[in-house]
Structure formats: structure tokens, C-alpha cells
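J.: First the structure, which I've put down as C-alpha cells, then a few questions once you've had a look.
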Amino acid sequence: MNIFDARQATRAPRVLQVLQDSYRVSNAVWDELPVAMYICDAEGRLVQFNRRACDIWGYKPDLSADSPRYGAARRLYRTDGSLVTADNSGMREVLETGTSKRDLSFIMERPDGTRITVLGNMDPVIDDDGTIVGAVNCFQDVTTLKQATFNLGEGRKDGRDNLFETAQRLDAICDHACIGIAEADVAGKIVRVNDAMCAITGFERDELVGNTMYYRTHPDDIARDRLNYRQQVTGGYDRYAIEKRFVRKDGTVIWISVLSSSVRDRDGNFLYCLRVIQDITQRRSDEDELK
């Protein structure tokens, strides 16, 4: 099981319905995620992407025309220099086999001719019948980190400077994102939150950091979140999504959606999790009224 396992796929295009029904990821949240993402349907056609993906591709694909297949990079090469085509694409293999791909490095050529190094992680999107209805690729530009690592190997000071600059850039993305972001260690203890997380919960940073991510979770919802996280840490799956109630500092109860993603080392050992949080109280209230 992973974040894209589905329970209520009911209409075409099924891959988007799976995500919408199971995880309620709004377009606003999708665009604020601190990682580039795109989704292909079962035939490999590009059906959705976020703003960070466009930033890395160097342009915005036109889905009203013939949709690109398996991604939207203008030209993609493996690190050995071989061209990635529709026939040998990693996304195509994920769609055909249902097997995830981890830490794949590519050289991407943008429309303006510049080349960058990207790192991709691909997962199948599976509905409740076990049918592969699509695939998702989470990828990032690692050009600066790659160059910094090379420079450090050569003993050059600017390598350390590049790593420091990259860390600052990632910190800024996290701190200024419009959605709540929290990092937690293997024991579930919160080690970092951004301003949006504080605004959603009503707590200051120092009140959240050091507590577990179940802190102030409604008692009826703790066990489910704890079980999912335990399975995530032990490798049962890399990601999961839940909706749960949270008791704010002022005592009001709100509903939040949580997308919890693992960060692992090269050997697959769990390092920490990144949790993306959104206040969905109004949406839950609207649904209750409809019912």
C-alpha cells in the first residue's frame, strides 16, 4: 500500500478520481507542494502536473493538445548519455509492472537548451480492484547538489557554499509555503514546522517542536495515524494520507488532511517524514450539510 492506493474510483479519468476521492488534494495544495509532481493515466498520457514541475521543465505543457506521454521533458537522457524514449521510459515500466522506481537520475534538456540533473521517484496509482490506473512521478532539480558534491570531493570551498545556499533555499520554500509542513523523526517526534503549520494549529513553534505528531490529535483518531506511521517507518509503504480531527490551542476542533512522505537514505533506511497539512474543516462541514 502507498499514498496512491485508492478506495473510491468511480468515473473517468480514473487516475484523477482516485486521487481526488481518496486524498482530497486541491489544486492550491498541489501547487504549493515543495516537490515537482506529475501524473500519467494508464496509457501514459500526462493528465496533471504542478507549478514546480513547470519550473523544472522550463515551460507549461498544453493538455488541450495531444498530451505528452510518460512526462513532459523536451529531451531526457540517462546519466550514461543514452536518450530516454517512450519505449524505454521509467514511467512506462511502472505502468506495465506496477513496481515503483526510486532515485533515478536523468539529464534534462529544457526548451532553451540548458541542461539540469533531476532525481525522480515513480509510483503506480492503483484502485481498490488492484488495477493500475496511472502513475505519479515526484522529481526535483539536484543540479546544485550534484555540483556541490563534486566540488567537495575536489576539496573546493565553493562546494560547501553551494550546499549552504541550497539548504537555505529549501528552508525558505518550507517556511513560506501556504500549507502546513512538519518534519518528524522515526519516533514521531516533531523536529520542525513552518509558519503555516503554526497558523493552522494556533500553537507557536516551540510548543509543537518536541511533541509527537499525535499531539492534540482527537483521541478517536490517534490510533489510526499511529498505526499508519509505524508501517511507514518499517517500510510497509513510503507514503500515506489521512483525514483527522485536531484540537487547536483555543480548544476548537478542526479537520485536517495529512500527506505523510518518507525520506530514506540510499539503503532504504528511514530518516524522517515530511507531513503536508491542510485545514479541510469547511469542506467537511459542506459535505455533512449535503448528507
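Identifiers in the C-alpha cells: chain A, B, ... in order shown; residue index from 1 per chain; ligand index from 1 in order shown.
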For stretch 82-94 of chain A, please output as a ChimeraX atom specification all residues within 8 Å (counting only C-alpha atoms; exclusion window: fewer than 2 positions along the same chain).
T.: /A:44,69-71,75-80,96-101,122-124,135,137
J.: Output as a list in words all residues of stretch 59-141 of chain A that backbone DSSP marks as helix (DSSP H, G or I).
T.: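 Here are the helix (DSSP H, G or I) residues of stretch 59-141 of chain A: Gly90, Met91, Arg92, Glu93, Val94, Leu95, Glu96 and Thr97 of chain A.
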J.: Let's have the selection written as an mmCIF file, in the first residue's frame, with C-alpha atoms.
T.:
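Written out: out.cif:
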```cif
data_model
loop_
_atom_site.group_PDB
_atom_site.id
_atom_site.type_symbol
_atom_site.label_atom_id
_atom_site.label_comp_id
_atom_site.auth_asym_id
_atom_site.auth_seq_id
_atom_site.Cartn_x
_atom_site.Cartn_y
_atom_site.Cartn_z
ATOM 1 C CA GLY A 90 10.810 4.518 -16.441
ATOM 2 C CA MET A 91 7.194 5.685 -16.153
ATOM 3 C CA ARG A 92 6.185 3.215 -18.854
ATOM 4 C CA GLU A 93 7.807 0.401 -16.878
ATOM 5 C CA VAL A 94 5.989 1.475 -13.706
ATOM 6 C CA LEU A 95 2.672 1.417 -15.573
ATOM 7 C CA GLU A 96 3.369 -2.006 -17.078
ATOM 8 C CA THR A 97 4.744 -3.714 -13.956
#
```
J.: Mind giving me the straight-line distance from atom CA of A:Trp57 to atom CA of A:Arg102 in Å, one decimal?
T.: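 Distance between the two atoms: 19.8 Å.
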J.: Using only C-alpha atoms, pick whichever of A:Val191, A:Val276, A:Cys54, A:Leu259 has the shortest atom-to-atom distance to A:Asn228.
T.: A:Leu259
J.: If you run DSSP on the backbone here, which positions in stretch 38-242 of chain A get strand (DSSP E)? Please write them as a count of residues only.
T.: 56
